[in-house]
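Participant: I'd like to ask you about the structure that follows.
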There are 2 protein chains.
Amino acid sequence: MSVEIKIALNDGIYLKDPQDSVLGRNILKHSIVLIDNVGFETFNFKKLAQEMGSTEASVYRYFENKHALLLYLVSWYWGWVSYLIKINTMNIEDPKKKLEIIIHSFVSASVDNPSTEYIDENKLHSIIIAEGTKAYRTKDVDKENGKGFFKNYKQLITTVADVILAINPKFKYPYALASSLFEMSNDHLYFAKHLPRLTDIKEEKNKHCEVENMLNYFSFKLLSYEIFIQVD
Amino acid sequence: MSVEIKIALNDGIYLKDPQDSVLGRNILKHSIVLIDNVGFETFNFKKLAQEMGSTEASVYRYFENKHALLLYLVSWYWGWVSYLIKINTMNIEDPKKKLEIIIHSFVSASVDNPSTEYIDENKLHSIIIAEGTKAYRTKDVDKENGKGFFKNYKQLITTVADVILAINPKFKYPYALASSLFEMSNDHLYFAKHLPRLTDIKEEKNKHCEVENMLNYFSFKLLSYEIFIQVD
DNA sequence: TTCAAATAATAGTAATACTATCATTTAAAA
DNA sequence: TTTTAAATGATAGTATTACTATTATTTGAA
């Protein structure tokens with residue numbers, strides 16, 4: 001039996017907290033499976049309700065629309081990764097070691113972690129990879145950002161940026177590197193699977209491990225001190 | 001009067017080549033303005049037709065649906081950037097100089113370049129930044145990739161990867177770096193504007209210039225030879 | 001001038017994205 | 001144990017979206 005953790009989410013995202021009821025947890029559970037299967041564009045509340053043996057109207061009592069639901073899932077993921085990073089780096093002093101753990105969490109948190117019963121972290125990670133950016137690439141970003149809907153993402157990136165600065169306090173782009181590591185992790189897992197000519201990561205090999213190596217290589221090279229040999 | 005160039009696009013993307021007729025070019029022109037204004041999700045062919053003073057049915061003769069139209073625009077952009085890079089690096093020997101030009105093209109091709117009459121490159125770049133990834137983050141990627149719909153993107157990345165390898169033939173991730181530079185350019189321009197806590201780029205300052213500096217810094221540091229001082 | 005192709009005008013259908021209403025179940029309070 | 005409120009289910013309905021079909025009109029090329 002796993003310990004149930006509850007990830008804190010901005011309460012403006014939902015109409016009624018799905019983590020607090022059986023039906024709500026069912027919505028999360030089945031929406032993850034369904035979005036992963038059919039993709040966000042073809043996903044809708046009618047299909048979800050059918051799949052769950054519930055009704056459209058019931059789902060609408062929890063989320064205003066499917067965008068809010070996606071935002072919830074993505075936000076949950078950000079919060080969950082933050083949580084994992086926190087507990088896994090807790091007793092570690094060396095910030096370089098910490099960054100390695102962070103990168104590992106970005107790439108494969110889902111592979112090797114204890115589960116909240118109603119959330120399939122593996123499938124959720126698939127959703128993040130394929131649909132994640134859609135949660136904040138909309139005309140409502142500014143409005144939603146104003147309401148704090150992306151706080152979990154910002155918090156995650158801030159945590160990472162702090163570790164980056166602990167490694168190299170002179171580094172000029174801690175936030176940009178942090179968010180880029182997160183985005184690159186998802187991008188290259190996606191590219192390896194669907195558009196392999198856009199990456200060097202090979203689907204056949206241990207994809208996750210390869211992405212992890214790459215991100216480690218990138219970040220430690222970027223965070224090394226300035227003395228290096230220019231090529232010419 | 002500007003010289004009209006015609007960007008080559010996979011002919012499976014459209015039903016009828018919009019570059020070949022007045023109505024077609026009008027569809028491109030107005031769709032760019034409209035998508036930029038209202039966002040891709042709320043954009044539809046009815047609104048477009050209204051805006052243009054044409055009819056929905058006419059638009060449907062050019063594109064199967066709005067996804068195909070987005071793919072067309074994004075694909076056009078990829079082709080256009082490739083073209084710019086080609087002509088701007090033509091007489092340049094030094095691959096480091098070439099990469100600088102490439103990065104400049106990623107960040108601000110739209111700012112300082114001659115125009116195809118019916119395409120507002122500036123607005124198109126906005127669309128790429130906000131909606132670009134939606135063109136290939138769908139359940140149909142594999143099918144569409146099989147038909148060659150993303151060839152322009154791959155070609156662009158291959159060009160860049162070649163330059164990267166010319167700078168440092170031992171570099172292990174030329175394709176990944178190439179696509180990451182492109183994606184980071186768009187991501188950080190977007191973050192600076194909408195989610196500033198996710199980047200170090202400041203909207204108030206010369207955003208484009210700052211992103212360019214950052215990407216130059218990242219790439220040249222990554223492509224330097226291995227001798228560097230580890231921090232500890 | 002005539003013919004074919006492109007476009008406009010109009011109408012219609014199926015699916016989507018909701019909203020409203022009321023009945024039923026459940027769970028908690030009195 | 002009864003009463004009540006809240007949550008859910010069942011059903012229905014509306015407005016919008018995403019198309020398709022049909023026919024009339026315009027345009028341009030032979």
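Simple scheme: letters A, B, ... for chains in structure tokens order, numbers from 1 for residues in each chain, numbers from 1 for ligands in the order shown.
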Pull out every residue of chain A that has at least one atom within 7 Å of chain B, counting only C-alpha atoms, and report them as a ChimeraX atom specification.
Facilitator: /A:38-39,130-131,137-139,141-142,154,157,173,175-176,179-180,184,194,197-200,218,221-222,224-225,227-231
Participant: Keeping only C-alpha atoms, write those residues as a compact mmCIF listing (two decimals), in the first residue's frame.
Facilitator:
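Saved to again_9.txt:
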# COMPACT_ATOMS: atom_id res chain seq x y z
CA VAL A 38 -6.58 9.72 -28.24
CA GLY A 39 -4.65 12.98 -27.81
CA ALA A 130 3.03 15.42 -26.00
CA GLU A 131 0.58 18.00 -24.69
CA ARG A 137 0.32 28.31 -25.03
CA THR A 138 -3.09 29.93 -25.19
CA LYS A 139 -4.57 33.39 -25.50
CA VAL A 141 -1.96 32.81 -20.45
CA ASP A 142 -1.71 36.25 -19.00
CA LYS A 154 7.55 28.62 -11.56
CA ILE A 157 12.04 26.25 -12.05
CA TYR A 173 21.04 32.28 -17.12
CA TYR A 175 16.21 30.37 -14.89
CA ALA A 176 16.58 29.93 -18.61
CA SER A 179 13.32 25.75 -17.85
CA SER A 180 15.30 24.65 -20.90
CA MET A 184 14.46 19.76 -23.60
CA HIS A 194 8.23 10.80 -33.56
CA ARG A 197 15.86 13.58 -37.42
CA LEU A 198 15.49 16.45 -34.94
CA THR A 199 17.62 14.85 -32.28
CA ASP A 200 20.57 12.56 -31.62
CA PHE A 218 24.98 20.20 -21.47
CA LYS A 221 29.65 22.07 -19.59
CA LEU A 222 27.60 25.26 -19.41
CA SER A 224 31.97 25.05 -15.86
CA TYR A 225 34.11 28.09 -15.37
CA ILE A 227 38.41 28.98 -19.09
CA PHE A 228 38.04 26.87 -22.17
CA ILE A 229 39.70 26.45 -25.50
CA GLN A 230 37.95 28.13 -28.38
CA VAL A 231 37.91 26.08 -31.51
Participant: At a cut-off of 9 Å, list the chain C residues touching chain B, using only C-alpha atoms (C1' of nucleotides), as an mmCIF file with N, CA, C and O atoms (P, O5', C5', C4', C3', O3' and C1' of nucleotides), in the first residue's frame.
Facilitator:
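Now in result-v7.cif:
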data_model
loop_
_atom_site.group_PDB
_atom_site.id
_atom_site.type_symbol
_atom_site.label_atom_id
_atom_site.label_comp_id
_atom_site.auth_asym_id
_atom_site.auth_seq_id
_atom_site.Cartn_x
_atom_site.Cartn_y
_atom_site.Cartn_z
ATOM 1 P P DT C 7 -10.193 30.222 -56.485
ATOM 2 O "O5'" DT C 7 -11.659 30.762 -56.185
ATOM 3 C "C5'" DT C 7 -12.029 32.031 -56.724
ATOM 4 C "C4'" DT C 7 -13.499 32.250 -56.529
ATOM 5 C "C3'" DT C 7 -13.952 32.308 -55.068
ATOM 6 O "O3'" DT C 7 -14.348 33.642 -54.823
ATOM 7 C "C1'" DT C 7 -15.476 31.114 -56.442
ATOM 8 P P DA C 8 -14.891 34.067 -53.413
ATOM 9 O "O5'" DA C 8 -16.456 33.954 -53.671
ATOM 10 C "C5'" DA C 8 -17.035 34.739 -54.699
ATOM 11 C "C4'" DA C 8 -18.546 34.629 -54.645
ATOM 12 C "C3'" DA C 8 -19.151 34.810 -53.259
ATOM 13 O "O3'" DA C 8 -20.300 35.632 -53.431
ATOM 14 C "C1'" DA C 8 -19.789 32.700 -54.128
ATOM 15 P P DA C 9 -21.091 36.230 -52.237
ATOM 16 O "O5'" DA C 9 -22.368 35.292 -52.180
ATOM 17 C "C5'" DA C 9 -22.993 34.865 -53.392
ATOM 18 C "C4'" DA C 9 -24.157 33.949 -53.027
ATOM 19 C "C3'" DA C 9 -24.644 34.103 -51.580
ATOM 20 O "O3'" DA C 9 -26.060 34.233 -51.612
ATOM 21 C "C1'" DA C 9 -24.119 31.834 -52.037
#
Participant: Please provide the set of residues having any atom within 12 Å of D:DC19, restricted to only C-alpha atoms (C1' of nucleotides), with same-chain residues fewer than 3 positions apart removed, written as number ranges by chain.
Facilitator: B: 44-46, 56-57, 59-61, 63-66; C: 12-15
Participant: Next, dump the selected residues to file, keeping only N, CA, C and O atoms (P, O5', C5', C4', C3', O3' and C1' of nucleotides), as a PDB file, in the first residue's frame.
Facilitator:
ATOM      1  N   ASN B  44     -11.186  29.940 -36.515  1.00  0.00           N
ATOM      2  CA  ASN B  44     -11.812  28.930 -37.383  1.00  0.00           C
ATOM      3  C   ASN B  44     -12.066  29.485 -38.790  1.00  0.00           C
ATOM      4  O   ASN B  44     -11.896  30.680 -39.040  1.00  0.00           O
ATOM      5  N   PHE B  45     -12.466  28.612 -39.685  1.00  0.00           N
ATOM      6  CA  PHE B  45     -12.590  28.993 -41.091  1.00  0.00           C
ATOM      7  C   PHE B  45     -13.760  29.948 -41.336  1.00  0.00           C
ATOM      8  O   PHE B  45     -13.751  30.717 -42.279  1.00  0.00           O
ATOM      9  N   LYS B  46     -14.752  29.856 -40.501  1.00  0.00           N
ATOM     10  CA  LYS B  46     -15.884  30.765 -40.652  1.00  0.00           C
ATOM     11  C   LYS B  46     -15.453  32.207 -40.394  1.00  0.00           C
ATOM     12  O   LYS B  46     -15.707  33.108 -41.211  1.00  0.00           O
ATOM     13  N   GLU B  56     -16.716  30.163 -46.142  1.00  0.00           N
ATOM     14  CA  GLU B  56     -16.130  28.983 -45.512  1.00  0.00           C
ATOM     15  C   GLU B  56     -15.786  27.917 -46.555  1.00  0.00           C
ATOM     16  O   GLU B  56     -14.676  27.380 -46.561  1.00  0.00           O
ATOM     17  N   ALA B  57     -16.744  27.631 -47.400  1.00  0.00           N
ATOM     18  CA  ALA B  57     -16.568  26.566 -48.398  1.00  0.00           C
ATOM     19  C   ALA B  57     -15.350  26.823 -49.271  1.00  0.00           C
ATOM     20  O   ALA B  57     -14.620  25.893 -49.635  1.00  0.00           O
ATOM     21  N   VAL B  59     -12.583  28.411 -48.437  1.00  0.00           N
ATOM     22  CA  VAL B  59     -11.372  28.120 -47.669  1.00  0.00           C
ATOM     23  C   VAL B  59     -11.130  26.614 -47.623  1.00  0.00           C
ATOM     24  O   VAL B  59     -10.003  26.154 -47.777  1.00  0.00           O
ATOM     25  N   TYR B  60     -12.222  25.884 -47.458  1.00  0.00           N
ATOM     26  CA  TYR B  60     -12.101  24.424 -47.397  1.00  0.00           C
ATOM     27  C   TYR B  60     -11.592  23.818 -48.708  1.00  0.00           C
ATOM     28  O   TYR B  60     -11.183  22.667 -48.725  1.00  0.00           O
ATOM     29  N   ARG B  61     -11.648  24.548 -49.762  1.00  0.00           N
ATOM     30  CA  ARG B  61     -11.065  24.027 -51.005  1.00  0.00           C
ATOM     31  C   ARG B  61      -9.552  24.075 -50.999  1.00  0.00           C
ATOM     32  O   ARG B  61      -8.897  23.392 -51.767  1.00  0.00           O
ATOM     33  N   PHE B  63      -7.630  24.046 -47.826  1.00  0.00           N
ATOM     34  CA  PHE B  63      -7.119  23.268 -46.692  1.00  0.00           C
ATOM     35  C   PHE B  63      -8.205  22.383 -46.108  1.00  0.00           C
ATOM     36  O   PHE B  63      -9.337  22.815 -45.943  1.00  0.00           O
ATOM     37  N   GLU B  64      -7.806  21.172 -45.778  1.00  0.00           N
ATOM     38  CA  GLU B  64      -8.744  20.209 -45.224  1.00  0.00           C
ATOM     39  C   GLU B  64      -9.347  20.705 -43.914  1.00  0.00           C
ATOM     40  O   GLU B  64     -10.519  20.487 -43.652  1.00  0.00           O
ATOM     41  N   ASN B  65      -8.530  21.350 -43.112  1.00  0.00           N
ATOM     42  CA  ASN B  65      -8.990  21.870 -41.816  1.00  0.00           C
ATOM     43  C   ASN B  65      -7.960  22.868 -41.285  1.00  0.00           C
ATOM     44  O   ASN B  65      -6.923  23.074 -41.899  1.00  0.00           O
ATOM     45  N   LYS B  66      -8.240  23.426 -40.134  1.00  0.00           N
ATOM     46  CA  LYS B  66      -7.344  24.486 -39.644  1.00  0.00           C
ATOM     47  C   LYS B  66      -5.978  23.950 -39.228  1.00  0.00           C
ATOM     48  O   LYS B  66      -4.992  24.676 -39.285  1.00  0.00           O
TER      49      LYS B  66
ATOM     50  P    DG C  12     -32.026  24.006 -45.663  1.00  0.00           P
ATOM     51  O5'  DG C  12     -31.169  22.727 -45.263  1.00  0.00           O
ATOM     52  C5'  DG C  12     -30.691  21.844 -46.301  1.00  0.00           C
ATOM     53  C4'  DG C  12     -29.589  21.005 -45.718  1.00  0.00           C
ATOM     54  C3'  DG C  12     -29.908  20.538 -44.287  1.00  0.00           C
ATOM     55  O3'  DG C  12     -29.759  19.135 -44.187  1.00  0.00           O
ATOM     56  C1'  DG C  12     -27.742  21.468 -44.387  1.00  0.00           C
ATOM     57  P    DT C  13     -30.392  18.384 -42.910  1.00  0.00           P
ATOM     58  O5'  DT C  13     -29.198  17.408 -42.487  1.00  0.00           O
ATOM     59  C5'  DT C  13     -28.223  16.981 -43.438  1.00  0.00           C
ATOM     60  C4'  DT C  13     -26.983  16.559 -42.674  1.00  0.00           C
ATOM     61  C3'  DT C  13     -27.280  15.983 -41.279  1.00  0.00           C
ATOM     62  O3'  DT C  13     -26.509  14.809 -41.111  1.00  0.00           O
ATOM     63  C1'  DT C  13     -25.720  17.753 -41.110  1.00  0.00           C
ATOM     64  P    DA C  14     -26.880  13.779 -39.918  1.00  0.00           P
ATOM     65  O5'  DA C  14     -25.481  13.611 -39.174  1.00  0.00           O
ATOM     66  C5'  DA C  14     -24.257  13.687 -39.912  1.00  0.00           C
ATOM     67  C4'  DA C  14     -23.133  13.957 -38.932  1.00  0.00           C
ATOM     68  C3'  DA C  14     -23.343  13.331 -37.553  1.00  0.00           C
ATOM     69  O3'  DA C  14     -22.103  12.795 -37.147  1.00  0.00           O
ATOM     70  C1'  DA C  14     -23.106  15.685 -37.326  1.00  0.00           C
ATOM     71  P    DA C  15     -21.894  12.082 -35.734  1.00  0.00           P
ATOM     72  O5'  DA C  15     -21.010  13.139 -34.932  1.00  0.00           O
ATOM     73  C5'  DA C  15     -19.837  13.668 -35.549  1.00  0.00           C
ATOM     74  C4'  DA C  15     -19.346  14.830 -34.739  1.00  0.00           C
ATOM     75  C3'  DA C  15     -19.184  14.540 -33.238  1.00  0.00           C
ATOM     76  O3'  DA C  15     -17.869  14.921 -32.882  1.00  0.00           O
ATOM     77  C1'  DA C  15     -20.425  16.535 -33.598  1.00  0.00           C
TER      78       DA C  15
END
Participant: Measuring between only C-alpha atoms (C1' of nucleotides), which one of D:DT22, D:DT8, D:DT14, D:DT2 shows the shortest distance to chain A?
Facilitator: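 Once distances to chain A are computed over only C-alpha atoms (C1' of nucleotides), the minimum belongs to D:DT8.
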Participant: For chain D, which residue among A:Lys207, A:Lys16, A:Lys6, A:Lys47 is the nearest when counting only C-alpha atoms (C1' of nucleotides)?
Facilitator: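 Nearest candidate to chain D out of A:Lys207, A:Lys16, A:Lys6, A:Lys47: A:Lys16.
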Participant: For chain D versus chain B, which residues have an atom no more than 10 Å away, and what is each residue's nearest atom pair and distance in Å rounded to one decimal, using only C-alpha atoms (C1' of nucleotides), chain-then-number order, as a tab-separated table?
Facilitator:
residue	atom	partner	partner_atom	distance
D:DT17	C1'	B:Asn44	CA	8.2
D:DA18	C1'	B:Asn65	CA	8.3
D:DC19	C1'	B:Asn65	CA	8.7
D:DT20	C1'	B:Ala57	CA	8.8
Participant: Can I get the selected residues back with N, CA and C atoms (P, O5', C5', C4', C3', O3' and C1' of nucleotides), as a JSON list (two decimals), in the first residue's frame?
Facilitator:
[["chain", "number", "residue", "atom", "x", "y", "z"],
["D", 17, "DT", "P", -17.78, 29.11, -32.79],
["D", 17, "DT", "O5'", -17.43, 27.64, -33.28],
["D", 17, "DT", "C5'", -17.12, 26.63, -32.31],
["D", 17, "DT", "C4'", -16.93, 25.31, -33.03],
["D", 17, "DT", "C3'", -16.05, 25.39, -34.27],
["D", 17, "DT", "O3'", -15.06, 24.39, -34.14],
["D", 17, "DT", "C1'", -18.07, 24.28, -34.75],
["D", 18, "DA", "P", -13.80, 24.32, -35.08],
["D", 18, "DA", "O5'", -14.21, 23.15, -36.08],
["D", 18, "DA", "C5'", -14.53, 21.86, -35.57],
["D", 18, "DA", "C4'", -15.04, 21.03, -36.72],
["D", 18, "DA", "C3'", -14.25, 21.23, -38.03],
["D", 18, "DA", "O3'", -14.08, 19.97, -38.66],
["D", 18, "DA", "C1'", -16.51, 21.60, -38.41],
["D", 19, "DC", "P", -12.94, 19.79, -39.72],
["D", 19, "DC", "O5'", -13.53, 20.63, -40.96],
["D", 19, "DC", "C5'", -13.89, 19.98, -42.16],
["D", 19, "DC", "C4'", -15.34, 19.48, -42.08],
["D", 19, "DC", "C3'", -15.93, 19.16, -43.43],
["D", 19, "DC", "O3'", -15.68, 17.80, -43.75],
["D", 19, "DC", "C1'", -17.49, 20.27, -42.01],
["D", 20, "DT", "P", -15.51, 17.41, -45.27],
["D", 20, "DT", "O5'", -17.02, 17.44, -45.82],
["D", 20, "DT", "C5'", -18.02, 16.66, -45.20],
["D", 20, "DT", "C4'", -19.27, 16.77, -46.04],
["D", 20, "DT", "C3'", -19.01, 16.70, -47.55],
["D", 20, "DT", "O3'", -19.93, 15.77, -48.10],
["D", 20, "DT", "C1'", -20.22, 18.68, -47.01]]
Participant: Figure out the distance between atom CA of B:Phe182 and atom CA of B:Pro169, please, to one decimal in Å.
Facilitator: 20.4 Å
Participant: Rounded to one decimal, what separation in Å do you get between atom CA of A:Leu124 and atom CA of A:Val33?
Facilitator: 8.2 Å
Participant: For a quick check of understanding, using only C-alpha atoms, which of A:Glu51, A:Glu144, A:Glu117, A:Glu93 has the smallest distance to A:Ala68?
Facilitator: A:Glu144
